[in-house]
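Below is the file query14.txt, which contains compact mmCIF, C-alpha atoms and all ligand atoms.
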# COMPACT_ATOMS: atom_id res chain seq x y z
CA MET K 2 0.64 14.71 -12.25
CA PRO K 3 -2.57 12.70 -12.63
CA ASN K 4 -4.47 13.27 -15.86
CA VAL K 5 -7.81 14.99 -15.56
CA GLY K 6 -10.47 12.31 -15.46
CA ALA K 7 -7.94 9.60 -14.64
CA MET K 8 -8.56 7.21 -11.76
CA HIS K 9 -7.42 8.70 -8.50
CA TRP K 10 -7.70 8.27 -4.75
CA SER K 11 -10.58 9.92 -2.95
CA LEU K 12 -10.41 10.82 0.75
CA ASP K 13 -13.44 9.43 2.58
CA THR K 14 -14.50 9.11 6.19
CA LEU K 15 -16.11 5.77 7.05
CA ASP K 16 -17.41 5.53 10.60
CA SER K 17 -14.73 7.62 12.38
CA VAL K 18 -11.87 6.56 10.15
CA SER K 19 -10.50 8.68 7.29
CA LEU K 20 -8.97 6.79 4.42
CA TRP K 21 -8.30 7.00 0.71
CA ARG K 22 -10.29 4.81 -1.63
CA PRO K 23 -10.22 4.54 -5.42
CA SER K 24 -12.43 6.98 -7.33
CA GLU K 25 -13.59 3.99 -9.35
CA PRO K 26 -13.58 0.94 -7.06
CA PRO K 27 -12.36 -2.24 -8.72
CA LEU K 28 -14.99 -4.88 -9.34
CA GLY K 29 -15.07 -7.51 -6.60
CA ALA K 30 -12.37 -6.02 -4.39
CA ILE K 31 -11.86 -3.63 -1.48
CA VAL K 32 -8.94 -1.20 -1.76
CA ALA K 33 -7.91 1.44 0.77
CA ALA K 34 -4.97 3.43 2.08
CA THR K 35 -5.27 4.81 5.59
CA THR K 36 -4.52 8.26 6.96
CA ARG K 37 -3.60 9.07 10.57
CA LEU K 38 -7.14 10.35 11.26
CA GLY K 39 -9.74 8.54 13.29
CA GLY K 40 -7.79 6.44 15.77
CA VAL K 41 -7.09 6.41 19.50
CA SER K 42 -3.27 6.60 19.70
CA ALA K 43 -1.61 9.42 21.65
CA ALA K 44 1.27 11.61 20.46
CA PRO K 45 3.58 11.06 18.67
CA PHE K 46 1.47 8.29 17.17
CA GLU K 47 -1.80 10.19 16.95
CA ALA K 48 -4.14 8.93 16.01
CA LEU K 49 -4.66 5.97 13.66
CA ASN K 50 -1.32 4.19 14.09
CA LEU K 51 -1.51 0.66 12.68
CA GLY K 52 2.10 -0.40 13.29
CA LYS K 53 2.82 -3.03 15.92
CA SER K 54 6.56 -2.45 15.51
CA THR K 55 6.23 1.04 17.02
CA ALA K 56 6.51 2.04 20.70
CA ASP K 57 2.80 2.85 20.77
CA ASP K 58 0.39 1.24 23.26
CA PRO K 59 -0.42 -2.19 21.72
CA ALA K 60 -4.04 -1.87 22.85
CA ALA K 61 -4.37 1.38 20.91
CA VAL K 62 -2.91 -0.20 17.77
CA GLU K 63 -5.28 -3.14 18.16
CA GLU K 64 -8.28 -0.81 18.45
CA ASN K 65 -7.09 1.21 15.43
CA ARG K 66 -6.75 -1.94 13.34
CA ARG K 67 -10.20 -3.07 14.43
CA ARG K 68 -11.67 0.28 13.36
CA VAL K 69 -10.10 0.17 9.90
CA LEU K 70 -11.16 -3.40 9.20
CA ALA K 71 -14.68 -2.78 10.48
CA ALA K 72 -15.01 0.38 8.38
CA LEU K 73 -14.03 -1.60 5.29
CA GLY K 74 -16.42 -4.46 6.08
CA ILE K 75 -13.67 -7.04 6.60
CA PRO K 76 -14.87 -9.86 8.88
CA ASP K 77 -13.09 -10.35 12.23
CA GLY K 78 -9.97 -12.49 12.19
CA ARG K 79 -9.34 -12.09 8.47
CA LEU K 80 -6.17 -10.00 8.47
CA ALA K 81 -2.90 -11.12 6.87
CA THR K 82 0.27 -9.04 7.30
CA ALA K 83 3.87 -9.34 6.13
CA GLY K 84 7.05 -9.29 8.20
CA GLN K 85 8.53 -6.64 5.87
CA VAL K 86 12.25 -7.20 5.65
CA HIS K 87 12.97 -4.88 2.65
CA GLY K 88 13.31 -7.78 0.26
CA THR K 89 11.49 -8.81 -2.92
CA ARG K 90 9.90 -12.07 -1.87
CA VAL K 91 6.20 -12.45 -2.69
CA THR K 92 4.23 -15.04 -0.70
CA GLU K 93 0.90 -16.59 -1.63
CA VAL K 94 -1.25 -16.75 1.49
CA HIS K 95 -4.38 -18.72 2.35
CA THR K 96 -4.64 -17.83 6.01
CA PRO K 97 -4.72 -14.78 8.31
CA GLY K 98 -1.83 -13.85 10.57
CA LEU K 99 1.71 -12.54 10.25
CA HIS K 100 3.67 -14.00 7.34
CA VAL K 101 7.35 -13.50 8.16
CA GLU K 102 10.34 -13.02 5.86
CA THR K 103 8.28 -11.52 3.07
CA ASP K 104 7.36 -8.04 1.82
CA ALA K 105 4.43 -8.92 -0.40
CA LEU K 106 1.34 -11.06 -0.13
CA VAL K 107 -0.91 -12.38 -2.86
CA THR K 108 -4.11 -14.36 -2.44
CA ARG K 109 -7.18 -15.79 -4.12
CA GLU K 110 -8.98 -16.18 -0.80
CA PRO K 111 -12.16 -14.08 -0.60
CA ALA K 112 -12.44 -11.80 2.44
CA LEU K 113 -8.81 -12.19 3.45
CA ALA K 114 -7.45 -8.66 3.95
CA LEU K 115 -3.81 -8.15 2.95
CA ALA K 116 -2.25 -5.18 4.75
CA VAL K 117 1.19 -3.64 4.35
CA SER K 118 2.40 -0.86 6.61
CA GLY K 119 4.70 2.07 6.09
CA ALA K 120 5.65 5.64 6.84
CA ASP K 121 7.41 6.84 3.64
CA CYS K 122 7.86 3.43 2.00
CA LEU K 123 5.48 2.75 -0.88
CA PRO K 124 2.45 0.54 -0.27
CA LEU K 125 1.49 -1.02 -3.61
CA LEU K 126 -1.91 -2.70 -3.97
CA ALA K 127 -2.95 -4.66 -7.04
CA VAL K 128 -6.20 -6.26 -8.16
CA ALA K 129 -6.86 -8.83 -10.89
CA PRO K 130 -10.03 -10.81 -11.51
CA GLY K 131 -10.08 -13.37 -8.67
CA ALA K 132 -6.88 -12.33 -6.92
CA VAL K 133 -5.32 -9.42 -5.01
CA ALA K 134 -1.83 -8.45 -3.89
CA ALA K 135 -0.16 -6.02 -1.50
CA ALA K 136 3.51 -5.07 -1.35
CA HIS K 137 5.72 -2.99 0.91
CA SER K 138 8.27 -1.31 -1.33
CA GLY K 139 10.79 1.10 0.15
CA TRP K 140 13.85 2.23 -1.73
CA ARG K 141 15.59 -1.10 -1.35
CA GLY K 142 12.59 -3.12 -2.50
CA THR K 143 11.77 -0.75 -5.34
CA ALA K 144 15.38 -0.63 -6.56
CA ALA K 145 15.46 -4.44 -6.45
CA GLY K 146 12.26 -4.78 -8.50
CA MET K 147 9.54 -5.46 -5.95
CA PRO K 148 6.77 -3.60 -7.87
CA ALA K 149 7.38 -5.83 -10.91
CA GLU K 150 7.73 -8.97 -8.78
CA VAL K 151 4.40 -8.55 -7.03
CA VAL K 152 2.47 -7.79 -10.21
CA ARG K 153 4.13 -10.76 -11.92
CA ALA K 154 3.02 -12.98 -9.02
CA LEU K 155 -0.51 -11.62 -9.26
CA LEU K 156 -0.63 -12.30 -13.01
CA ALA K 157 0.64 -15.85 -12.47
CA LEU K 158 -1.86 -16.61 -9.72
CA SER K 159 -4.90 -15.06 -11.42
CA LYS K 160 -3.92 -16.02 -14.98
CA ALA K 161 -5.22 -12.57 -15.90
CA SER K 162 -3.91 -10.41 -18.70
CA PRO K 163 -1.95 -7.27 -17.71
CA ILE K 164 -4.71 -5.18 -19.27
CA ASP K 165 -7.14 -6.57 -16.66
CA VAL K 166 -5.00 -5.53 -13.69
CA ARG K 167 -5.32 -2.36 -11.65
CA VAL K 168 -2.48 -1.05 -9.52
CA TYR K 169 -2.85 1.44 -6.68
CA LEU K 170 0.22 3.28 -5.41
CA GLY K 171 -0.42 4.40 -1.84
CA PRO K 172 0.96 7.40 0.04
CA CYS K 173 4.76 7.42 0.10
CA ILE K 174 7.54 9.97 0.32
CA GLY K 175 7.39 12.01 -2.88
CA SER K 176 10.11 13.15 -5.24
CA CYS K 177 9.54 16.60 -3.70
CA CYS K 178 11.02 15.44 -0.39
CA TYR K 179 12.99 12.25 -0.92
CA HIS K 180 16.57 13.48 -0.78
CA VAL K 181 19.15 10.74 -1.15
CA GLY K 182 22.88 10.30 -1.56
CA GLU K 183 24.66 9.06 -4.65
CA ASP K 184 24.74 5.53 -3.22
CA VAL K 185 20.93 5.26 -3.26
CA ALA K 186 20.48 7.23 -6.50
CA ALA K 187 22.84 4.86 -8.27
CA ARG K 188 20.44 1.97 -7.62
CA PHE K 189 17.65 3.63 -9.63
CA PRO K 190 17.15 4.19 -13.35
CA ALA K 191 18.15 7.69 -14.44
CA GLU K 192 14.53 8.68 -15.16
CA ALA K 193 13.64 8.13 -11.48
CA VAL K 194 16.41 10.42 -10.22
CA ILE K 195 16.10 14.20 -10.04
CA ARG K 196 19.24 16.31 -9.81
CA ASP K 197 18.95 20.04 -9.34
CA ASP K 198 20.03 22.88 -7.05
CA ALA K 199 18.19 21.21 -4.18
CA GLY K 200 20.33 18.11 -4.48
CA ILE K 201 19.52 14.54 -5.48
CA ARG K 202 16.03 13.13 -5.07
CA VAL K 203 14.38 9.83 -6.00
CA ASP K 204 10.89 9.38 -7.43
CA LEU K 205 9.93 6.14 -5.69
CA ALA K 206 6.38 5.99 -7.06
CA GLY K 207 7.54 6.85 -10.57
CA ALA K 208 10.11 4.06 -10.48
CA ALA K 209 7.42 1.63 -9.31
CA ARG K 210 4.98 2.78 -11.98
CA ARG K 211 7.50 2.26 -14.78
CA GLN K 212 8.20 -1.30 -13.59
CA VAL K 213 4.50 -2.09 -13.67
CA GLU K 214 3.97 -0.44 -17.07
CA ALA K 215 6.83 -2.50 -18.48
CA LEU K 216 4.78 -5.63 -17.72
CA GLY K 217 1.95 -4.37 -19.93
CA VAL K 218 -0.31 -2.78 -17.33
CA PRO K 219 -1.78 0.35 -18.98
CA ARG K 220 -0.80 3.72 -17.52
CA ALA K 221 -4.49 4.53 -17.04
CA ALA K 222 -4.85 1.45 -14.79
CA ILE K 223 -2.16 2.67 -12.37
CA VAL K 224 -3.31 5.11 -9.70
CA ASP K 225 -0.70 7.56 -8.41
CA PRO K 226 -0.15 8.18 -4.67
CA PRO K 227 -2.69 10.48 -3.01
CA ALA K 228 -0.07 12.39 -1.02
CA CYS K 229 3.59 12.77 -0.16
CA THR K 230 3.93 11.39 3.36
CA SER K 231 6.61 13.90 4.35
CA HIS K 232 4.64 16.88 3.03
CA HIS K 233 1.39 16.12 4.81
CA PRO K 234 1.69 15.71 8.59
CA GLU K 235 -2.07 16.26 8.86
CA TRP K 236 -2.70 12.97 7.02
CA CYS K 237 0.49 10.97 7.05
CA TYR K 238 3.19 9.52 9.23
CA SER K 239 6.70 10.05 7.87
CA HIS K 240 9.66 8.16 9.24
CA ARG K 241 12.07 10.76 7.90
CA ARG K 242 10.17 13.87 8.91
CA ASP K 243 9.38 12.50 12.37
CA HIS K 244 12.88 11.09 12.94
CA GLY K 245 11.60 7.57 13.43
CA ARG K 246 9.19 8.38 16.28
CA THR K 247 5.97 7.98 14.36
CA GLY K 248 3.13 5.65 13.45
CA ARG K 249 2.43 3.52 10.40
CA LEU K 250 -0.13 3.82 7.62
CA TRP K 251 -1.71 0.81 5.94
CA GLY K 252 -2.40 -0.16 2.40
CA VAL K 253 -5.21 -2.74 2.47
CA VAL K 254 -6.68 -4.92 -0.25
CA ALA K 255 -9.13 -7.81 -0.16
CA LEU K 256 -11.41 -9.74 -2.42
CA ASP K 257 -14.90 -8.63 -1.49
CA PRO K 258 -16.33 -10.60 1.48
CA ASP K 259 -19.61 -10.91 -0.40
CA ALA K 260 -17.81 -13.05 -2.96
CA ARG K 261 -17.21 -15.67 -0.27
CA LEU K 262 -20.81 -15.57 0.81
CA ARG K 263 -21.89 -16.12 -2.76
CA ARG K 264 -19.41 -18.95 -3.21
CA ASP K 265 -20.54 -20.66 -0.02
CA GLY K 266 -24.14 -20.38 -1.11
CA ALA K 267 -25.02 -18.40 2.01
CA VAL K 268 -26.71 -15.65 0.04
ZN ZN O 1 6.95 16.02 -0.38
How does this structure look as structure tokens?
Ligand SMILES: [Zn+2]
Amino acid sequence: MPNVGAMHWSLDTLDSVSLWRPSEPPLGAIVAATTRLGGVSAAPFEALNLGKSTADDPAAVEENRRRVLAALGIPDGRLATAGQVHGTRVTEVHTPGLHVETDALVTREPALALAVSGADCLPLLAVAPGAVAAAHSGWRGTAAGMPAEVVRALLALSKASPIDVRVYLGPCIGSCCYHVGEDVAARFPAEAVIRDDAGIRVDLAGAARRQVEALGVPRAAIVDPPACTSHHPEWCYSHRRDHGRTGRLWGVVALDPDARLRRDGAV
């Protein structure tokens, strides 16, 4: 459970869109995790579905994406996404668009929004002075070390110290709901596996947090997920709960657009 007074996510409505933002926003960066509230998609994708890989109306997804980016103050045409293949590759990006064959993006480009999508998988967002990163980390990615890989890549690119990094774990399926078989449990460290009368469950976010802490990022600089996706149909899509017919949430991070304006001398 989060400590009292610790950094946490706060649910806000910006324009029509409801999303989680950090209680203490990081200096020079925009960080958000979306909910399903505030979009135009019809059932079973209602309402703020951001996933193009779903069977939703592409025009609705496009409008939903536009709303989220506008609410966050991201300029048009400045969205970078990842192909998300459940691997551990991290890709440095300089340009908008879909970057295939990767699950994590890292950049030093101001005002380039990195977005990862999911519906139970963990979206991990990380901020260092002068660089940001976003990773899609489901059970395969987390078991294979994606949370550590993406923070390592961020440290290398920014040359920051781990104590200057903040990590935001977005909404994912919680240890309350994430029942797995022995085959999946065996891929995780024992401390991330819960065995009781209810069966075997994995703590995806806890496993990710421990990987990041092991790199020297302080516990207090790691923000826990705002919600279990499976538990909260009012806020979250859940691939498991909805048997695959559902939308996708986003984790979004960007270096503040104003930083680019300042760099270009426009302000
Ligand atoms: Zn749950």
May I have the residues within 8 Å of ligand ZN 1 (chain O), computed using only C-alpha atoms and all ligand atoms, as a ChimeraX atom specification? /K:174-179,228-233
Using all atoms listed in the file for the distances, tell me which of K:Gly119, K:Pro163, K:Pro26, K:Pro130 is nearest to Gly245 (chain K).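 Closest residue, counting all atoms listed in the file: K:Gly119.
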Distance query Ala208 (chain K) at most 8 Å, only C-alpha atoms, self and fewer than 2 positions along chain excluded, as a list in words: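 The residues satisfying every condition are Thr143, Phe189, Pro190, Glu192, Ala193, Asp204, Leu205, Ala206, Arg210, Arg211 and Gln212 of chain K.
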Write out as a list in words which residues come within 9 Å of region 150-159 of chain K when counting only C-alpha atoms, dropping same-chain ones fewer than 6 positions away. Thr89, Arg90, Val91, Thr92, Glu93, Ala105, Leu106, Val107, Thr108, Arg109, Leu125, Ala127, Val128, Ala129, Pro130, Gly131, Ala132, Val133, Ala134, Ala135, Ala136, Val166, Val168, Val213 and Leu216 of chain K
Polymer residues at most 7 Å from (-15.8, -5.1, 0.1) by only C-alpha atoms, as a ChimeraX atom specification: /K:30-31,73-74,256-259
Missing atoms in region 211-243 of chain K: can you complete it with N, CA and C atoms, as a compact mmCIF listing (two decimals), in the coordinates of the input?
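That gives us part-v1.txt:
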# COMPACT_ATOMS: atom_id res chain seq x y z
N ARG K 211 6.85 2.68 -13.54
CA ARG K 211 7.50 2.26 -14.78
C ARG K 211 7.72 0.74 -14.80
N GLN K 212 8.04 0.17 -13.64
CA GLN K 212 8.20 -1.30 -13.59
C GLN K 212 6.90 -2.00 -13.95
N VAL K 213 5.81 -1.46 -13.45
CA VAL K 213 4.50 -2.09 -13.67
C VAL K 213 4.07 -1.89 -15.13
N GLU K 214 4.30 -0.70 -15.66
CA GLU K 214 3.97 -0.44 -17.07
C GLU K 214 4.75 -1.36 -18.01
N ALA K 215 5.99 -1.64 -17.63
CA ALA K 215 6.83 -2.50 -18.48
C ALA K 215 6.28 -3.91 -18.59
N LEU K 216 5.41 -4.30 -17.66
CA LEU K 216 4.78 -5.63 -17.72
C LEU K 216 3.53 -5.62 -18.58
N GLY K 217 3.14 -4.44 -19.06
CA GLY K 217 1.95 -4.37 -19.93
C GLY K 217 0.71 -3.82 -19.26
N VAL K 218 0.84 -3.40 -18.00
CA VAL K 218 -0.31 -2.78 -17.33
C VAL K 218 -0.45 -1.35 -17.87
N PRO K 219 -1.63 -0.99 -18.40
CA PRO K 219 -1.78 0.35 -18.98
C PRO K 219 -1.57 1.46 -17.96
N ARG K 220 -1.00 2.56 -18.40
CA ARG K 220 -0.80 3.72 -17.52
C ARG K 220 -2.10 4.12 -16.83
N ALA K 221 -3.20 4.08 -17.59
CA ALA K 221 -4.49 4.53 -17.04
C ALA K 221 -5.01 3.60 -15.94
N ALA K 222 -4.42 2.40 -15.82
CA ALA K 222 -4.85 1.45 -14.79
C ALA K 222 -3.96 1.53 -13.55
N ILE K 223 -3.06 2.50 -13.52
CA ILE K 223 -2.16 2.67 -12.37
C ILE K 223 -2.50 4.00 -11.69
N VAL K 224 -2.90 3.92 -10.44
CA VAL K 224 -3.31 5.11 -9.70
C VAL K 224 -2.12 5.65 -8.91
N ASP K 225 -1.84 6.93 -9.08
CA ASP K 225 -0.70 7.56 -8.41
C ASP K 225 -0.98 7.80 -6.92
N PRO K 226 0.06 7.96 -6.11
CA PRO K 226 -0.15 8.18 -4.67
C PRO K 226 -1.02 9.41 -4.40
N PRO K 227 -1.82 9.35 -3.33
CA PRO K 227 -2.69 10.48 -3.01
C PRO K 227 -1.95 11.63 -2.33
N ALA K 228 -0.77 11.35 -1.78
CA ALA K 228 -0.07 12.39 -1.02
C ALA K 228 1.37 11.99 -0.81
N CYS K 229 2.22 13.00 -0.62
CA CYS K 229 3.59 12.77 -0.16
C CYS K 229 3.53 12.69 1.37
N THR K 230 4.02 11.59 1.91
CA THR K 230 3.93 11.39 3.36
C THR K 230 4.66 12.47 4.15
N SER K 231 5.80 12.92 3.62
CA SER K 231 6.61 13.90 4.35
C SER K 231 5.97 15.29 4.33
N HIS K 232 5.27 15.58 3.24
CA HIS K 232 4.64 16.88 3.03
C HIS K 232 3.38 17.10 3.84
N HIS K 233 2.75 16.02 4.27
CA HIS K 233 1.39 16.12 4.81
C HIS K 233 1.26 15.52 6.21
N PRO K 234 1.80 16.22 7.21
CA PRO K 234 1.69 15.71 8.59
C PRO K 234 0.24 15.60 9.06
N GLU K 235 -0.66 16.33 8.43
CA GLU K 235 -2.07 16.26 8.86
C GLU K 235 -2.68 14.91 8.49
N TRP K 236 -2.15 14.25 7.47
CA TRP K 236 -2.70 12.97 7.02
C TRP K 236 -1.75 11.80 7.27
N CYS K 237 -0.46 12.07 7.20
CA CYS K 237 0.49 10.97 7.05
C CYS K 237 1.58 10.94 8.11
N TYR K 238 1.95 9.74 8.50
CA TYR K 238 3.19 9.52 9.23
C TYR K 238 4.35 9.56 8.25
N SER K 239 5.50 10.05 8.70
CA SER K 239 6.70 10.05 7.87
C SER K 239 7.89 9.72 8.74
N HIS K 240 8.51 8.61 8.46
CA HIS K 240 9.66 8.16 9.24
C HIS K 240 10.76 9.21 9.20
N ARG K 241 11.01 9.76 8.04
CA ARG K 241 12.07 10.76 7.90
C ARG K 241 11.73 12.05 8.63
N ARG K 242 10.56 12.58 8.33
CA ARG K 242 10.17 13.87 8.91
C ARG K 242 10.10 13.78 10.43
N ASP K 243 9.60 12.66 10.93
CA ASP K 243 9.38 12.50 12.37
C ASP K 243 10.54 11.81 13.08
